[in-house]
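Peer 1: Structure file coords.txt (compact mmCIF, C-alpha atoms) right here:
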# COMPACT_ATOMS: atom_id res chain seq x y z
CA MET T 1 72.54 8.74 10.33
CA SER T 2 70.11 6.80 8.24
CA THR T 3 66.47 6.37 8.79
CA SER T 4 64.22 3.57 7.64
CA ASP T 5 61.02 4.28 5.69
CA GLN T 6 57.89 3.74 7.68
CA SER T 7 54.72 2.73 5.81
CA THR T 8 51.38 3.83 7.16
CA ASP T 9 47.96 2.68 6.11
CA SER T 10 45.87 5.52 4.72
CA PRO T 11 42.46 5.82 6.32
CA GLU T 12 39.66 4.23 4.36
CA GLU T 13 37.69 6.76 2.37
CA PRO T 14 34.15 7.15 3.73
CA ARG T 15 31.50 5.60 1.51
CA THR T 16 29.48 8.27 -0.29
CA SER T 17 27.11 6.10 -2.32
CA GLY T 18 24.98 3.03 -1.87
CA VAL T 19 22.57 0.88 -3.82
CA TYR T 20 18.85 1.30 -3.18
CA VAL T 21 16.86 -1.91 -3.66
CA TYR T 22 13.19 -1.69 -4.71
CA GLY T 23 12.14 -5.27 -5.18
CA ILE T 24 12.80 -8.73 -6.57
CA VAL T 25 11.80 -9.72 -10.11
CA PRO T 26 12.48 -12.57 -12.55
CA ALA T 27 15.93 -12.42 -14.12
CA ASP T 28 14.50 -11.99 -17.63
CA MET T 29 12.97 -8.67 -16.60
CA GLU T 30 14.52 -5.62 -18.29
CA ALA T 31 14.49 -2.16 -16.74
CA GLU T 32 12.90 0.54 -18.87
CA GLU T 33 15.49 2.92 -20.28
CA ASP T 34 13.65 5.93 -18.89
CA ALA T 35 12.83 4.35 -15.52
CA VAL T 36 13.71 6.74 -12.68
CA GLY T 37 14.08 5.77 -9.05
CA VAL T 38 14.73 7.44 -5.71
CA CYS T 39 16.93 10.56 -5.96
CA ASP T 40 16.18 10.60 -9.72
CA GLY T 41 18.70 7.81 -10.27
CA PRO T 42 18.49 5.50 -13.30
CA VAL T 43 17.15 2.04 -12.50
CA THR T 44 19.23 -1.04 -13.28
CA ILE T 45 19.01 -4.77 -12.59
CA VAL T 46 21.32 -7.03 -10.55
CA LYS T 47 20.89 -10.73 -11.43
CA HIS T 48 21.55 -14.03 -9.72
CA GLY T 49 20.40 -17.19 -11.46
CA GLY T 50 16.71 -16.92 -12.25
CA ILE T 51 16.02 -13.90 -10.01
CA ALA T 52 17.05 -10.26 -10.02
CA ALA T 53 16.78 -7.04 -8.01
CA LEU T 54 15.63 -3.64 -9.23
CA VAL T 55 18.18 -1.12 -7.96
CA SER T 56 19.52 2.40 -8.37
CA GLU T 57 22.57 4.17 -6.98
CA ILE T 58 21.97 6.84 -4.34
CA SER T 59 24.05 9.18 -2.23
CA VAL T 60 24.25 8.01 1.37
CA GLU T 61 24.68 11.63 2.41
CA ARG T 62 21.12 12.47 1.33
CA PRO T 63 18.52 11.34 3.88
CA LEU T 64 15.61 9.31 2.55
CA GLY T 65 12.00 9.84 3.46
CA LYS T 66 10.83 12.79 1.38
CA PRO T 67 7.36 12.39 -0.19
CA GLU T 68 8.92 12.19 -3.64
CA ASP T 69 11.11 9.29 -2.46
CA LEU T 70 8.08 7.31 -1.33
CA GLN T 71 6.30 8.14 -4.58
CA ALA T 72 9.25 7.04 -6.70
CA HIS T 73 9.52 3.77 -4.75
CA ALA T 74 5.82 2.95 -5.21
CA TYR T 75 5.64 4.20 -8.81
CA LEU T 76 8.45 1.91 -9.93
CA LEU T 77 7.08 -1.15 -8.14
CA ASP T 78 3.48 -0.57 -9.27
CA GLY T 79 4.58 -0.02 -12.85
CA THR T 80 6.62 -3.23 -12.76
CA SER T 81 3.64 -5.20 -11.41
CA ARG T 82 1.79 -4.48 -14.66
CA VAL T 83 4.28 -6.48 -16.71
CA ALA T 84 5.95 -8.95 -14.32
CA PRO T 85 5.66 -10.41 -10.81
CA VAL T 86 7.52 -8.30 -8.25
CA LEU T 87 8.33 -8.84 -4.58
CA PRO T 88 8.44 -5.34 -3.07
CA LEU T 89 11.00 -4.52 -0.40
CA ARG T 90 10.07 -2.11 2.35
CA PHE T 91 10.93 1.51 1.70
CA GLY T 92 14.50 2.45 2.60
CA ALA T 93 16.38 -0.74 1.68
CA VAL T 94 19.97 0.35 0.96
CA MET T 95 22.98 -1.93 0.52
CA THR T 96 26.68 -1.23 0.09
CA ASP T 97 27.05 -2.05 -3.60
CA GLU T 98 25.76 -4.30 -6.36
CA GLU T 99 28.01 -7.16 -5.23
CA SER T 100 26.38 -7.15 -1.80
CA VAL T 101 22.96 -7.13 -3.47
CA GLU T 102 23.90 -10.20 -5.50
CA LYS T 103 25.58 -12.16 -2.71
CA GLU T 104 23.91 -11.07 0.53
CA LEU T 105 20.35 -10.62 -0.77
CA LEU T 106 19.74 -12.61 -3.93
CA ALA T 107 22.04 -15.60 -3.36
CA ALA T 108 21.12 -15.83 0.33
CA HIS T 109 17.37 -16.02 -0.39
CA ALA T 110 17.32 -17.43 -3.91
CA ASP T 111 14.93 -20.35 -3.29
CA GLU T 112 12.55 -18.27 -1.18
CA PHE T 113 12.38 -15.46 -3.74
CA ALA T 114 11.98 -17.83 -6.69
CA ALA T 115 9.07 -19.63 -5.03
CA ALA T 116 7.33 -16.36 -4.14
CA LEU T 117 7.73 -15.03 -7.69
CA GLN T 118 6.22 -18.20 -9.05
CA GLU T 119 3.21 -17.75 -6.76
CA LEU T 120 2.77 -14.18 -8.03
CA GLU T 121 3.08 -15.00 -11.74
CA GLY T 122 0.28 -13.27 -13.62
CA ARG T 123 -1.18 -11.73 -10.47
CA ALA T 124 -1.18 -8.26 -8.91
CA GLN T 125 -2.70 -6.50 -5.94
CA TYR T 126 -5.82 -4.36 -6.21
CA VAL T 127 -7.42 -2.29 -3.47
CA VAL T 128 -11.17 -1.75 -3.24
CA LYS T 129 -12.11 1.34 -1.25
CA GLY T 130 -15.49 2.67 -0.22
CA ARG T 131 -16.33 5.86 1.68
CA TYR T 132 -19.74 6.77 2.98
CA VAL T 133 -21.45 9.87 1.61
CA GLU T 134 -21.66 11.89 4.82
CA GLN T 135 -25.22 13.22 4.63
CA ALA T 136 -26.59 9.94 3.30
CA ILE T 137 -25.08 7.79 6.05
CA LEU T 138 -26.11 10.24 8.78
CA ARG T 139 -29.69 10.18 7.51
CA GLU T 140 -29.56 6.39 7.44
CA VAL T 141 -28.42 6.25 11.07
CA ILE T 142 -31.08 8.74 12.18
CA ASP T 143 -33.81 6.85 10.34
CA GLU T 144 -32.78 3.58 11.99
CA SER T 145 -32.37 4.89 15.56
CA GLU T 146 -35.26 6.42 17.48
CA GLN T 147 -32.85 7.62 20.17
CA ALA T 148 -30.65 9.35 17.57
CA ALA T 149 -33.70 11.02 16.03
CA GLN T 150 -34.81 12.30 19.44
CA LEU T 151 -31.37 13.69 20.22
CA LEU T 152 -31.21 15.39 16.84
CA GLY T 153 -34.57 17.02 17.50
CA ALA T 154 -33.39 18.17 20.92
CA ILE T 155 -30.28 19.92 19.63
CA ARG T 156 -31.72 21.37 16.42
CA ASP T 157 -31.53 25.18 16.43
CA GLN T 158 -30.28 25.13 20.03
CA PRO T 159 -27.05 26.75 21.31
CA GLU T 160 -24.11 24.37 21.33
CA GLU T 161 -23.14 25.10 24.92
CA SER T 162 -26.57 24.14 26.26
CA THR T 163 -26.78 20.89 24.27
CA ARG T 164 -23.24 19.64 24.69
CA ASP T 165 -24.24 16.35 26.39
CA ALA T 166 -26.88 15.60 23.77
CA ARG T 167 -24.45 16.29 20.96
CA MET T 168 -21.86 13.97 22.49
CA ALA T 169 -24.46 11.24 22.93
CA LEU T 170 -25.60 11.62 19.33
CA GLY T 171 -22.01 11.53 18.11
CA GLU T 172 -21.38 8.29 19.99
CA ILE T 173 -24.51 6.67 18.52
CA VAL T 174 -23.49 7.70 14.98
CA SER T 175 -19.91 6.50 15.48
CA ASN T 176 -20.99 3.09 16.79
CA ALA T 177 -23.54 2.73 14.01
CA ILE T 178 -20.94 3.46 11.34
CA VAL T 179 -18.60 0.85 12.83
CA ALA T 180 -21.37 -1.76 12.61
CA LYS T 181 -22.28 -0.70 9.06
CA ARG T 182 -18.59 -0.82 8.04
CA ASP T 183 -18.34 -4.40 9.28
CA ALA T 184 -21.47 -5.41 7.37
CA ASP T 185 -20.51 -3.57 4.18
CA THR T 186 -16.98 -4.97 4.26
CA ARG T 187 -18.50 -8.47 4.36
CA LYS T 188 -20.55 -7.56 1.28
CA VAL T 189 -17.37 -6.47 -0.53
CA LEU T 190 -15.65 -9.73 0.40
CA GLU T 191 -18.65 -11.71 -0.89
CA ALA T 192 -18.58 -9.78 -4.18
CA LEU T 193 -14.86 -10.54 -4.64
CA ASP T 194 -14.91 -14.11 -3.35
CA SER T 195 -14.86 -15.79 -6.76
CA LEU T 196 -12.02 -13.58 -8.01
CA SER T 197 -9.42 -14.06 -5.28
CA ASP T 198 -8.58 -16.37 -2.40
CA SER T 199 -5.98 -13.94 -1.02
CA VAL T 200 -7.55 -10.95 0.72
CA ASN T 201 -6.53 -8.52 3.43
CA VAL T 202 -9.09 -6.33 5.17
CA ARG T 203 -7.29 -3.12 6.03
CA GLU T 204 -7.91 -1.04 9.12
CA PRO T 205 -10.01 2.07 8.40
CA THR T 206 -8.06 5.25 7.72
CA HIS T 207 -11.08 7.58 7.93
CA GLU T 208 -14.09 7.64 10.24
CA GLU T 209 -16.47 7.52 7.25
CA GLU T 210 -14.68 4.67 5.50
CA ALA T 211 -17.11 1.95 4.42
CA ALA T 212 -14.54 -0.67 3.38
CA GLN T 213 -10.92 -1.06 2.36
CA VAL T 214 -9.93 -4.48 1.07
CA ALA T 215 -6.73 -5.55 -0.70
CA VAL T 216 -7.00 -8.55 -3.02
CA LEU T 217 -4.53 -10.56 -5.06
CA VAL T 218 -6.10 -11.11 -8.49
CA GLU T 219 -4.98 -12.42 -11.86
CA VAL T 220 -4.27 -9.41 -14.06
CA ALA T 221 -6.18 -11.15 -16.86
CA ARG T 222 -9.32 -10.95 -14.70
CA GLN T 223 -9.13 -7.21 -14.12
CA GLU T 224 -12.27 -6.57 -16.18
CA GLU T 225 -14.21 -9.03 -14.00
CA LEU T 226 -12.95 -7.22 -10.92
CA GLU T 227 -13.96 -3.86 -12.37
CA LYS T 228 -17.42 -5.25 -13.11
CA ALA T 229 -17.85 -6.57 -9.55
CA VAL T 230 -16.82 -3.24 -8.03
CA GLY T 231 -19.03 -1.39 -10.53
CA GLU T 232 -22.04 -3.45 -9.46
CA LEU T 233 -21.38 -2.55 -5.83
CA ALA T 234 -21.08 1.11 -6.81
CA GLU T 235 -24.47 0.94 -8.54
CA GLN T 236 -26.05 -0.82 -5.57
CA TRP T 237 -24.67 1.83 -3.19
CA ASP T 238 -25.12 4.82 -5.50
CA GLY T 239 -25.52 7.98 -3.41
CA ARG T 240 -24.60 6.09 -0.22
CA VAL T 241 -21.00 4.92 -0.75
CA ASP T 242 -18.37 6.28 -3.16
CA MET T 243 -16.41 3.29 -4.53
CA ARG T 244 -12.84 3.25 -5.90
CA LEU T 245 -10.65 0.52 -7.37
CA LEU T 246 -6.87 0.98 -7.28
CA GLY T 247 -4.46 -1.18 -9.24
CA PRO T 248 -2.73 -3.12 -10.49
CA LEU T 249 -0.24 -2.56 -7.69
CA ALA T 250 2.75 -4.41 -6.29
CA ALA T 251 1.63 -7.01 -3.73
CA TYR T 252 2.47 -4.92 -0.64
CA ASP T 253 -0.20 -6.56 1.53
CA PHE T 254 0.89 -10.11 0.72
CA VAL T 255 4.62 -10.52 0.05
CA VAL T 256 6.57 -7.44 1.19
CA THR T 257 10.04 -8.56 2.29
CA GLN T 258 12.03 -7.04 5.13
CA LYS T 259 14.84 -4.57 4.58
CA PRO T 260 18.11 -6.37 3.79
CA GLU T 261 21.04 -5.81 6.08
CA GLY T 262 24.14 -4.27 4.57
As a first step, turn the structure in this file into structure tokens.

Peer 2:
Amino acid sequence: MSTSDQSTDSPEEPRTSGVYVYGIVPADMEAEEDAVGVCDGPVTIVKHGGIAALVSEISVERPLGKPEDLQAHAYLLDGTSRVAPVLPLRFGAVMTDEESVEKELLAAHADEFAAALQELEGRAQYVVKGRYVEQAILREVIDESEQAAQLLGAIRDQPEESTRDARMALGEIVSNAIVAKRDADTRKVLEALDSLSDSVNVREPTHEEEAAQVAVLVEVARQEELEKAVGELAEQWDGRVDMRLLGPLAAYDFVVTQKPEG
């Protein structure tokens, strides 16, 4: 009795690696030899016409989201923004392989990416931050509000439990006053930066004593002018507001693209 051979399809091997995509850059951009990305992977470039993607291979079995992953993502994009325009992708963009990056991401959005890169040529994001000096801003509020001064006098050297209502009322006055001062001081920051950038984004406060947080898109060649403008504000607000200037950074507030599918 003879039997016929039966062929069976072997199950497809599960995919163990993927390609992490950081951002879009001009095709003439070269990755630094020592550039390190998420999961400590070497960074390479996938090209399509005049645009390219910064990528690195990762294991799909390792979950993303550790602090060092976020830091590696931002560090690579911010470093790139110092030498070339870059369109940052949101953290966690993973595609199947380099072919899918080229066809499904770059080719599918080639015109859109090329136009956005042209707009960013020579420009980078900077963030101007100011935080009130706690004792200075409290004294300012007390000096400007008779009601606050009276409440402060009423609770001074008194037990907390017997002055709870007064403390809450004082806290509300201070909080509302700081909100009003933040609005006014943010406008002053915008006025100081007006001649340097026409693309600005006022960020929501991340701390109750934040005086201002403004992202601006500025020509990298004008960084010294930006530093001077922020320095003048710092001098004007010396002892009242601590000022910081961050950048150059990738243009997260202006051109971040969505995660690609695939």

Peer 1: Between T:Gly23, T:Gly41, T:Gly50, T:Gly79, which is the closest to Phe91 in chain T once you count all atoms listed in the file?

Peer 2: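 Among the listed residues, T:Gly23 lies closest to Phe91 in chain T.
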
Peer 1: Hey, what's within 10 Å of Asp40 in chain T if we count all atoms listed in the file and toss same-chain stuff fewer than 6 positions away? As a ChimeraX atom specification, please?

Peer 2: /T:56-58,68-69,72

Peer 1: Using all atoms listed in the file, pick whichever of T:Val179, T:Ala31, T:Leu190, T:Met168 has the shortest atom-to-atom distance to Glu204 in chain T.

Peer 2: T:Val179

Peer 1: Please report the interatomic distance between CA of Ala35 in chain T and CA of Glu121 in chain T in Å with one decimal.

Peer 2: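 Atom-to-atom, CA of Ala35 in chain T to CA of Glu121 in chain T, that is 22.0 Å.
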
Peer 1: So which residues touch Asp28 in chain T within 12 Å, counting all atoms listed in the file, skipping near sequence neighbours fewer than 2 positions away, as a list of chain:residue names?

Peer 2: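 Near neighbours after the sequence-gap exclusion: T:Ile24, T:Val25, T:Pro26, T:Glu30, T:Ala31, T:Ile45, T:Val46, T:Lys47, T:His48, T:Gly49, T:Gly50, T:Ile51, T:Ala52, T:Ala53, T:Leu54, T:Val83, T:Ala84, T:Pro85.
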
Peer 1: Take the selection from the previous step and output its residues with C-alpha atoms, as a short mmCIF file (atom, residue, chain, number, x, y, z; two decimals), keeping the file's coordinate frame.

Peer 2:
data_model
loop_
_atom_site.label_atom_id
_atom_site.label_comp_id
_atom_site.auth_asym_id
_atom_site.auth_seq_id
_atom_site.Cartn_x
_atom_site.Cartn_y
_atom_site.Cartn_z
CA ILE T 24 12.80 -8.73 -6.57
CA VAL T 25 11.80 -9.72 -10.11
CA PRO T 26 12.48 -12.57 -12.55
CA GLU T 30 14.52 -5.62 -18.29
CA ALA T 31 14.49 -2.16 -16.74
CA ILE T 45 19.01 -4.77 -12.59
CA VAL T 46 21.32 -7.03 -10.55
CA LYS T 47 20.89 -10.73 -11.43
CA HIS T 48 21.55 -14.03 -9.72
CA GLY T 49 20.40 -17.19 -11.46
CA GLY T 50 16.71 -16.92 -12.25
CA ILE T 51 16.02 -13.90 -10.01
CA ALA T 52 17.05 -10.26 -10.02
CA ALA T 53 16.78 -7.04 -8.01
CA LEU T 54 15.63 -3.64 -9.23
CA VAL T 83 4.28 -6.48 -16.71
CA ALA T 84 5.95 -8.95 -14.32
CA PRO T 85 5.66 -10.41 -10.81
#

Peer 1: Tell me which protein, DNA and RNA residues are within 8 Å of Asp78 in chain T, counting only C-alpha atoms, leaving out same-chain ones fewer than 6 positions away, and put them as a PyMOL selection string.

Peer 2: chain T and resi 247-250

Peer 1: Tell me which of T:Lys188, T:Val202, T:Leu89, T:Ser162 sits closest to Leu105 in chain T, counting only C-alpha atoms.

Peer 2: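 For Leu105 in chain T, the nearest of the candidates is T:Leu89.
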
Peer 1: Box in all listed atoms of range 168-182 of chain T, axis-aligned, with 8 Å more on each side; write out centre and edge lengths in Å to one decimal as lines of an AutoDock Vina configuration file.

Peer 2:
center_x = -22.1
center_y = 6.1
center_z = 15.5
size_x = 23.0
size_y = 31.7
size_z = 30.9

Peer 1: Would you mind listing what lies within 12 Å of Glu191 in chain T as an mmCIF file with C-alpha atoms, in the coordinates of the input, with all atoms listed in the file counted and same-chain residues fewer than 4 positions away left out?

Peer 2:
data_model
loop_
_atom_site.group_PDB
_atom_site.id
_atom_site.type_symbol
_atom_site.label_atom_id
_atom_site.label_comp_id
_atom_site.auth_asym_id
_atom_site.auth_seq_id
_atom_site.Cartn_x
_atom_site.Cartn_y
_atom_site.Cartn_z
ATOM 1 C CA ALA T 184 -21.470 -5.410 7.370
ATOM 2 C CA ASP T 185 -20.510 -3.570 4.180
ATOM 3 C CA THR T 186 -16.980 -4.970 4.260
ATOM 4 C CA ARG T 187 -18.500 -8.470 4.360
ATOM 5 C CA SER T 195 -14.860 -15.790 -6.760
ATOM 6 C CA LEU T 196 -12.020 -13.580 -8.010
ATOM 7 C CA SER T 197 -9.420 -14.060 -5.280
ATOM 8 C CA ASP T 198 -8.580 -16.370 -2.400
ATOM 9 C CA VAL T 200 -7.550 -10.950 0.720
ATOM 10 C CA VAL T 214 -9.930 -4.480 1.070
ATOM 11 C CA ALA T 229 -17.850 -6.570 -9.550
ATOM 12 C CA VAL T 230 -16.820 -3.240 -8.030
ATOM 13 C CA LEU T 233 -21.380 -2.550 -5.830
#
